[in-house]
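First the structure, in the form of structure tokens, and then the observations on it.
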Amino acid sequence: MSIPPAIPPSQLRLSVAPMMDWTDTHCRAFHRVLAPHARLYTEMVHANAVIHGDRAKLLAMDPAEHPVALQLGGSEPDLLAQAAAIGAAHGFDEINLNCGCPSDRVQAGRFGACLMREPTLVAASVAAMVAACNVPVTVKCRLGVDDDHDWDHFLAFIDTVAAGGCRMFVVHARNAWLKGLSPKENREVPPLRYDWAWRLKQERPQLQVIVNGGIATSEEATAHLAHADGAMLGRAAYHDPYLLHALDAAWFGGPTRTRAQLLQAYRPYVEAQLARGVSLKHITRHILGLFAGERGGRAFRQVLSEGAHKPGADWSLVERALALTESFSTSDPQAA
Ligand SMILES: Cc1cc2nc3c(=O)[nH]c(=O)nc-3n(C[C@H](O)[C@H](O)[C@H](O)COP(=O)(O)O)c2cc1C
């Protein structure tokens with residue numbers, strides 16, 4: 001069996017979860033500005049799409065995004081291996097296999113969370129991917145599916161997959177319920193059990209374990225570092241991206257910049273994309289939460305949402321939205 005390279009521990013502490021329709025290349029470029037040390041993940045791309053689809057679009061990635069992982073969906077070792085090789089050749093720093101998504105579409109294709117029931121197949125897939133590429137192959141999983149709440153069963157899944165060559169696991173610390181819950185409910189209803197992710201790190205210290213699920217504040221994220229190798233934030237990072245900046249500055253000791261400074265730092269990327277013909281709306285939809293909870297945050301969102309789709313919308317719209325956040329009077333309680 002080939003031995004995959006390990007991920008440097010400093011690159012594991014903070015990461016942004018793979019999120020379909022959200023963590024596209026524009027979003028990741030924005031998160032990189034906010035959090036220079038975070039590990040970033042693409043949306044899930046099915047192995048077949050990587051092999052046969054429009055790679056320029058599906059695998060779009062800016063060099064500034066590194067370190068960035070490509071998340072794959074699929075359950076056929078040969079296809080996953082081909083897709084992993086393509087992803088690594090494309091420059092991705094890690095190939096991550098989705099064993100946690102519960103959607104009906106995913107269940108029909110027998111991948112995502114259903115794979116928690118097929119550890120041998122996951123191990124074979126990981127081994128094939130490890131053999132096909134020269135970057136770490138990792139797995140994002142749940143604790144179990146449906147009413148399977150057996151620690152030994154979970155550990156057996158991890159051990160089997162680790163034997164296939166996976167050293168790093170992102171544990172979305174709740175079960176996936178394959179019947180009766182929507183994907184959204186599956187991110188909220190099954191109870192979180194962080195203690196399982198922590199126990200995994202305790203019992204398998206040679207593995208790298210990242211905790212994911214429901215982490216909403218700096219304090220919560222920081223608490224995980226005492227028990228695991230890192231914290232992965234999804235919705236909180238997307239809806240309140242300044243949290244990423246605060247965490248990166250606190251954990252890695254960089255300067256704390258204002259929201260306005262961060263926005264200006266994103267400007268060269270945005271202007272380069274506009275010059276390539278990308279519409280502003282595809283970029284600004286990811287920055288709407290930058291002033292979440294701040295005075296003028298609602299106006300910032302509104303100006304961008306209403307103006308970004310108009311023909312010719314350019315950076316001046318962002319400046320206008322930003323100016324509103326700076327002009328709000330401190331006495332206006334409706335402003336946030
Ligand atoms: C809009 C959206 C899309 C998601 N798409 C994916 C995906 O493509 N792959 C995946 O592994 N998880 C996906 N997830 C799950 C997240 O990666 C994460 O595990 C989950 O949201 C829990 O973390 P959080 O509570 O920090 O958001 C998605 C979540 C959201 C909200």
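By convention in this document, the chains of the structure tokens carry letters A, B, ... by their order, each chain's residues are numbered from 1, and ligands are numbered from 1 in the order they are shown.
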- DSSP strand (DSSP E) selection over range 111-287 of chain A, as number ranges by chain: A: 137-141, 168-172, 208-212, 230-233
Using only C-alpha atoms and all ligand atoms, what are the residues with an atom within 10 Å of ligand 1, set out as a VMD selection string? chain A and resid 15 to 23 41 to 46 71 to 73 96 to 103 112 to 113 139 to 142 170 to 174 183 to 184 186 to 188 192 211 to 216 221 231 to 239
Preceding selection exported with C-alpha atoms as a compact mmCIF listing (two decimals), in the first residue's frame:
# COMPACT_ATOMS: atom_id res chain seq x y z
CA SER A 15 -10.93 24.95 7.89
CA VAL A 16 -14.01 25.96 5.99
CA ALA A 17 -16.42 23.15 5.18
CA PRO A 18 -17.26 22.01 1.66
CA MET A 19 -20.66 23.51 0.84
CA MET A 20 -22.52 22.83 -2.37
CA ASP A 21 -23.49 25.98 -4.22
CA TRP A 22 -21.59 28.11 -1.70
CA THR A 23 -17.85 27.31 -1.57
CA TYR A 41 -12.70 22.91 0.52
CA THR A 42 -14.51 22.89 -2.79
CA GLU A 43 -18.14 21.98 -3.16
CA MET A 44 -18.61 18.25 -3.67
CA VAL A 45 -18.02 17.25 -7.28
CA HIS A 46 -18.99 13.77 -8.44
CA GLN A 71 -14.09 17.10 -2.36
CA LEU A 72 -15.26 14.16 -4.44
CA GLY A 73 -18.49 12.23 -4.38
CA ASN A 96 -11.49 14.48 0.26
CA LEU A 97 -14.14 11.80 -0.11
CA ASN A 98 -17.69 12.67 0.94
CA CYS A 99 -19.13 10.06 3.29
CA GLY A 100 -21.56 12.41 4.99
CA CYS A 101 -24.07 13.86 2.55
CA PRO A 102 -27.58 12.47 3.08
CA SER A 103 -29.52 13.89 0.11
CA GLY A 112 -22.26 10.24 0.53
CA ALA A 113 -23.53 9.16 3.95
CA VAL A 139 -12.57 11.41 4.39
CA LYS A 140 -15.43 13.55 5.70
CA CYS A 141 -17.94 11.40 7.55
CA ARG A 142 -20.72 11.32 10.12
CA VAL A 170 -13.31 15.32 9.22
CA VAL A 171 -16.01 14.18 11.60
CA HIS A 172 -19.36 15.92 11.24
CA ALA A 173 -20.24 14.91 14.77
CA ARG A 174 -23.80 13.70 14.37
CA PRO A 183 -30.39 17.61 3.98
CA LYS A 184 -31.01 20.86 5.87
CA ASN A 186 -29.85 16.57 8.69
CA ARG A 187 -27.54 19.43 9.60
CA GLU A 188 -29.70 20.41 12.56
CA LEU A 192 -24.24 16.60 18.06
CA VAL A 211 -14.34 18.36 14.35
CA ASN A 212 -17.24 19.73 12.34
CA GLY A 213 -20.88 20.56 13.04
CA GLY A 214 -22.64 23.45 14.76
CA ILE A 215 -19.51 25.44 15.64
CA ALA A 216 -20.80 29.00 15.81
CA ALA A 221 -14.07 26.65 17.85
CA ALA A 231 -12.20 22.82 13.80
CA MET A 232 -14.09 23.03 10.53
CA LEU A 233 -16.74 25.72 10.21
CA GLY A 234 -19.46 25.68 7.60
CA ARG A 235 -22.55 27.83 7.96
CA ALA A 236 -21.07 30.17 10.55
CA ALA A 237 -18.11 30.90 8.27
CA TYR A 238 -20.40 31.60 5.35
CA HIS A 239 -22.98 33.74 7.11
Where does range 28-136 of chain A meet range 145-149 of chain A within 8 Å, residue by residue, with the nearest atom pair and distance in Å to one decimal for each, counting only C-alpha atoms, listed by chain and rising number, as JSON lines?
{"residue": "A:Ala113", "atom": "CA", "partner": "A:Val145", "partner_atom": "CA", "distance": 7.1}
{"residue": "A:Cys114", "atom": "CA", "partner": "A:Val145", "partner_atom": "CA", "distance": 7.4}
{"residue": "A:Met116", "atom": "CA", "partner": "A:Val145", "partner_atom": "CA", "distance": 6.9}
{"residue": "A:Arg117", "atom": "CA", "partner": "A:Val145", "partner_atom": "CA", "distance": 7.6}
Those same residues - C-alpha atoms - I'd like them written as a short mmCIF file (atom, residue, chain, number, x, y, z; two decimals), in the first residue's frame.
data_model
loop_
_atom_site.label_atom_id
_atom_site.label_comp_id
_atom_site.auth_asym_id
_atom_site.auth_seq_id
_atom_site.Cartn_x
_atom_site.Cartn_y
_atom_site.Cartn_z
CA ALA A 113 -23.53 9.16 3.95
CA CYS A 114 -24.66 5.72 2.70
CA MET A 116 -20.83 4.83 6.32
CA ARG A 117 -22.43 1.41 5.89
#
Do you know which residues are at most 9 Å from Ser279 in chain A counting only C-alpha atoms, after dropping those on the same chain fewer than 4 positions away, and could you put them as a ChimeraX atom specification?
-> /A:273-274,283,308-314
(request) Would you kindly return, as a ChimeraX atom specification, each protein, DNA or RNA residue with an atom no farther than 9 Å from any atom of Leu155 in chain A, considering only C-alpha atoms and excluding same-chain residues fewer than 5 positions away? (result) /A:150,160,200
Those selected residues, please, written with C-alpha atoms and delivered as a compact mmCIF listing (two decimals), in the first residue's frame.
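Written output follows (out_17.txt):
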# COMPACT_ATOMS: atom_id res chain seq x y z
CA ASP A 150 -22.62 2.17 18.28
CA THR A 160 -11.07 0.04 8.07
CA LEU A 200 -11.53 9.18 18.29
For the helix (DSSP H, G or I) assignment from backbone DSSP, which residues of range 85-288 of chain A qualify? Please present them as a PDB file with C-alpha atoms, in the first residue's frame.
ATOM      1  CA  ALA A  85      -5.493  11.955 -10.188  1.00  0.00           C
ATOM      2  CA  ILE A  86      -7.117  14.692 -12.258  1.00  0.00           C
ATOM      3  CA  GLY A  87      -7.743  16.806  -9.147  1.00  0.00           C
ATOM      4  CA  ALA A  88      -4.160  16.471  -7.928  1.00  0.00           C
ATOM      5  CA  ALA A  89      -2.780  17.239 -11.395  1.00  0.00           C
ATOM      6  CA  HIS A  90      -5.012  20.307 -11.414  1.00  0.00           C
ATOM      7  CA  ASP A 104     -31.895  11.634  -1.865  1.00  0.00           C
ATOM      8  CA  ARG A 105     -29.868  12.169  -5.022  1.00  0.00           C
ATOM      9  CA  VAL A 106     -26.758  11.015  -3.226  1.00  0.00           C
ATOM     10  CA  GLN A 107     -28.563   8.022  -1.729  1.00  0.00           C
ATOM     11  CA  ALA A 108     -29.834   6.993  -5.157  1.00  0.00           C
ATOM     12  CA  GLY A 112     -22.261  10.243   0.531  1.00  0.00           C
ATOM     13  CA  ALA A 113     -23.528   9.163   3.951  1.00  0.00           C
ATOM     14  CA  CYS A 114     -24.663   5.721   2.702  1.00  0.00           C
ATOM     15  CA  LEU A 115     -20.973   4.893   2.527  1.00  0.00           C
ATOM     16  CA  MET A 116     -20.827   4.830   6.320  1.00  0.00           C
ATOM     17  CA  ARG A 117     -22.430   1.406   5.889  1.00  0.00           C
ATOM     18  CA  PRO A 119     -16.407   0.683   5.122  1.00  0.00           C
ATOM     19  CA  THR A 120     -14.723  -1.916   2.929  1.00  0.00           C
ATOM     20  CA  LEU A 121     -15.802  -0.115  -0.221  1.00  0.00           C
ATOM     21  CA  VAL A 122     -14.630   3.211   1.231  1.00  0.00           C
ATOM     22  CA  ALA A 123     -11.272   1.666   2.149  1.00  0.00           C
ATOM     23  CA  ALA A 124     -10.906   0.279  -1.382  1.00  0.00           C
ATOM     24  CA  SER A 125     -11.821   3.683  -2.816  1.00  0.00           C
ATOM     25  CA  VAL A 126      -9.301   5.451  -0.585  1.00  0.00           C
ATOM     26  CA  ALA A 127      -6.582   2.940  -1.462  1.00  0.00           C
ATOM     27  CA  ALA A 128      -7.253   3.417  -5.183  1.00  0.00           C
ATOM     28  CA  MET A 129      -7.150   7.203  -4.814  1.00  0.00           C
ATOM     29  CA  VAL A 130      -3.968   7.099  -2.727  1.00  0.00           C
ATOM     30  CA  ALA A 131      -2.307   4.966  -5.391  1.00  0.00           C
ATOM     31  CA  ALA A 132      -3.431   7.347  -8.134  1.00  0.00           C
ATOM     32  CA  TRP A 151     -19.150   3.523  19.126  1.00  0.00           C
ATOM     33  CA  ASP A 152     -17.423   0.282  18.115  1.00  0.00           C
ATOM     34  CA  HIS A 153     -19.185   0.392  14.776  1.00  0.00           C
ATOM     35  CA  PHE A 154     -17.971   3.948  14.164  1.00  0.00           C
ATOM     36  CA  LEU A 155     -14.441   3.057  15.222  1.00  0.00           C
ATOM     37  CA  ALA A 156     -14.480  -0.007  12.962  1.00  0.00           C
ATOM     38  CA  PHE A 157     -15.464   2.262  10.039  1.00  0.00           C
ATOM     39  CA  ILE A 158     -12.550   4.584  10.808  1.00  0.00           C
ATOM     40  CA  ASP A 159     -10.056   1.757  11.300  1.00  0.00           C
ATOM     41  CA  THR A 160     -11.068   0.044   8.075  1.00  0.00           C
ATOM     42  CA  VAL A 161     -10.810   3.266   6.088  1.00  0.00           C
ATOM     43  CA  ALA A 162      -7.538   4.252   7.774  1.00  0.00           C
ATOM     44  CA  ALA A 163      -6.109   0.902   6.690  1.00  0.00           C
ATOM     45  CA  GLU A 185     -32.702  19.037   8.753  1.00  0.00           C
ATOM     46  CA  ASN A 186     -29.846  16.566   8.690  1.00  0.00           C
ATOM     47  CA  ARG A 187     -27.535  19.429   9.604  1.00  0.00           C
ATOM     48  CA  TYR A 194     -18.474  16.090  19.922  1.00  0.00           C
ATOM     49  CA  ASP A 195     -17.289  13.625  22.542  1.00  0.00           C
ATOM     50  CA  TRP A 196     -17.128  10.936  19.834  1.00  0.00           C
ATOM     51  CA  ALA A 197     -14.786  13.008  17.666  1.00  0.00           C
ATOM     52  CA  TRP A 198     -12.634  13.802  20.714  1.00  0.00           C
ATOM     53  CA  ARG A 199     -12.590  10.163  21.784  1.00  0.00           C
ATOM     54  CA  LEU A 200     -11.534   9.177  18.291  1.00  0.00           C
ATOM     55  CA  LYS A 201      -8.495  11.452  18.613  1.00  0.00           C
ATOM     56  CA  GLN A 202      -7.780  10.008  22.043  1.00  0.00           C
ATOM     57  CA  GLU A 203      -8.006   6.391  20.943  1.00  0.00           C
ATOM     58  CA  SER A 218     -14.684  31.703  18.438  1.00  0.00           C
ATOM     59  CA  GLU A 219     -14.983  30.208  21.909  1.00  0.00           C
ATOM     60  CA  GLU A 220     -16.636  27.045  20.610  1.00  0.00           C
ATOM     61  CA  ALA A 221     -14.066  26.649  17.851  1.00  0.00           C
ATOM     62  CA  THR A 222     -11.176  27.219  20.250  1.00  0.00           C
ATOM     63  CA  ALA A 223     -12.506  24.637  22.690  1.00  0.00           C
ATOM     64  CA  HIS A 224     -12.083  21.895  20.074  1.00  0.00           C
ATOM     65  CA  ARG A 235     -22.554  27.834   7.956  1.00  0.00           C
ATOM     66  CA  ALA A 236     -21.072  30.175  10.547  1.00  0.00           C
ATOM     67  CA  ALA A 237     -18.110  30.896   8.267  1.00  0.00           C
ATOM     68  CA  TYR A 238     -20.400  31.600   5.349  1.00  0.00           C
ATOM     69  CA  HIS A 239     -22.976  33.740   7.106  1.00  0.00           C
ATOM     70  CA  TYR A 242     -15.512  37.943   9.804  1.00  0.00           C
ATOM     71  CA  LEU A 243     -15.507  35.100  12.345  1.00  0.00           C
ATOM     72  CA  LEU A 244     -12.961  33.374  10.119  1.00  0.00           C
ATOM     73  CA  HIS A 245     -10.739  36.425  10.256  1.00  0.00           C
ATOM     74  CA  ALA A 246     -11.044  36.702  14.026  1.00  0.00           C
ATOM     75  CA  LEU A 247     -10.122  33.027  14.434  1.00  0.00           C
ATOM     76  CA  ASP A 248      -7.213  33.195  12.024  1.00  0.00           C
ATOM     77  CA  ALA A 249      -5.793  36.278  13.757  1.00  0.00           C
ATOM     78  CA  ALA A 250      -6.268  34.782  17.226  1.00  0.00           C
ATOM     79  CA  TRP A 251      -4.823  31.359  16.429  1.00  0.00           C
ATOM     80  CA  PHE A 252      -2.007  32.336  14.098  1.00  0.00           C
ATOM     81  CA  ARG A 259     -13.976  44.536   7.519  1.00  0.00           C
ATOM     82  CA  ALA A 260     -13.357  47.478   5.196  1.00  0.00           C
ATOM     83  CA  GLN A 261      -9.643  46.649   4.949  1.00  0.00           C
ATOM     84  CA  LEU A 262     -10.447  43.042   4.150  1.00  0.00           C
ATOM     85  CA  LEU A 263     -12.859  44.097   1.468  1.00  0.00           C
ATOM     86  CA  GLN A 264     -10.195  46.292  -0.104  1.00  0.00           C
ATOM     87  CA  ALA A 265      -7.793  43.352   0.004  1.00  0.00           C
ATOM     88  CA  TYR A 266     -10.347  41.327  -1.986  1.00  0.00           C
ATOM     89  CA  ARG A 267     -10.716  44.078  -4.578  1.00  0.00           C
ATOM     90  CA  PRO A 268      -7.868  43.023  -6.923  1.00  0.00           C
ATOM     91  CA  TYR A 269      -9.383  39.541  -7.194  1.00  0.00           C
ATOM     92  CA  VAL A 270     -12.838  40.951  -7.902  1.00  0.00           C
ATOM     93  CA  GLU A 271     -11.576  43.370 -10.540  1.00  0.00           C
ATOM     94  CA  ALA A 272      -9.565  40.640 -12.249  1.00  0.00           C
ATOM     95  CA  GLN A 273     -12.691  38.473 -12.398  1.00  0.00           C
ATOM     96  CA  LEU A 274     -14.815  41.331 -13.729  1.00  0.00           C
ATOM     97  CA  ALA A 275     -12.180  41.938 -16.403  1.00  0.00           C
ATOM     98  CA  LEU A 280     -20.398  40.855 -10.072  1.00  0.00           C
ATOM     99  CA  LYS A 281     -23.410  39.017  -8.647  1.00  0.00           C
ATOM    100  CA  HIS A 282     -21.546  35.688  -8.742  1.00  0.00           C
ATOM    101  CA  ILE A 283     -18.901  37.175  -6.463  1.00  0.00           C
ATOM    102  CA  THR A 284     -20.775  39.517  -4.157  1.00  0.00           C
TER     103      THR A 284
END
Using only C-alpha atoms, the shortest atom-to-atom distance to Pro67 in chain A among A:Thr217, A:Ser10, A:Ser327, A:Asn134 belongs to A:Ser10
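The spacing separating CA of Gly277 in chain A from CA of Ala29 in chain A amounts to 17.0 Å.
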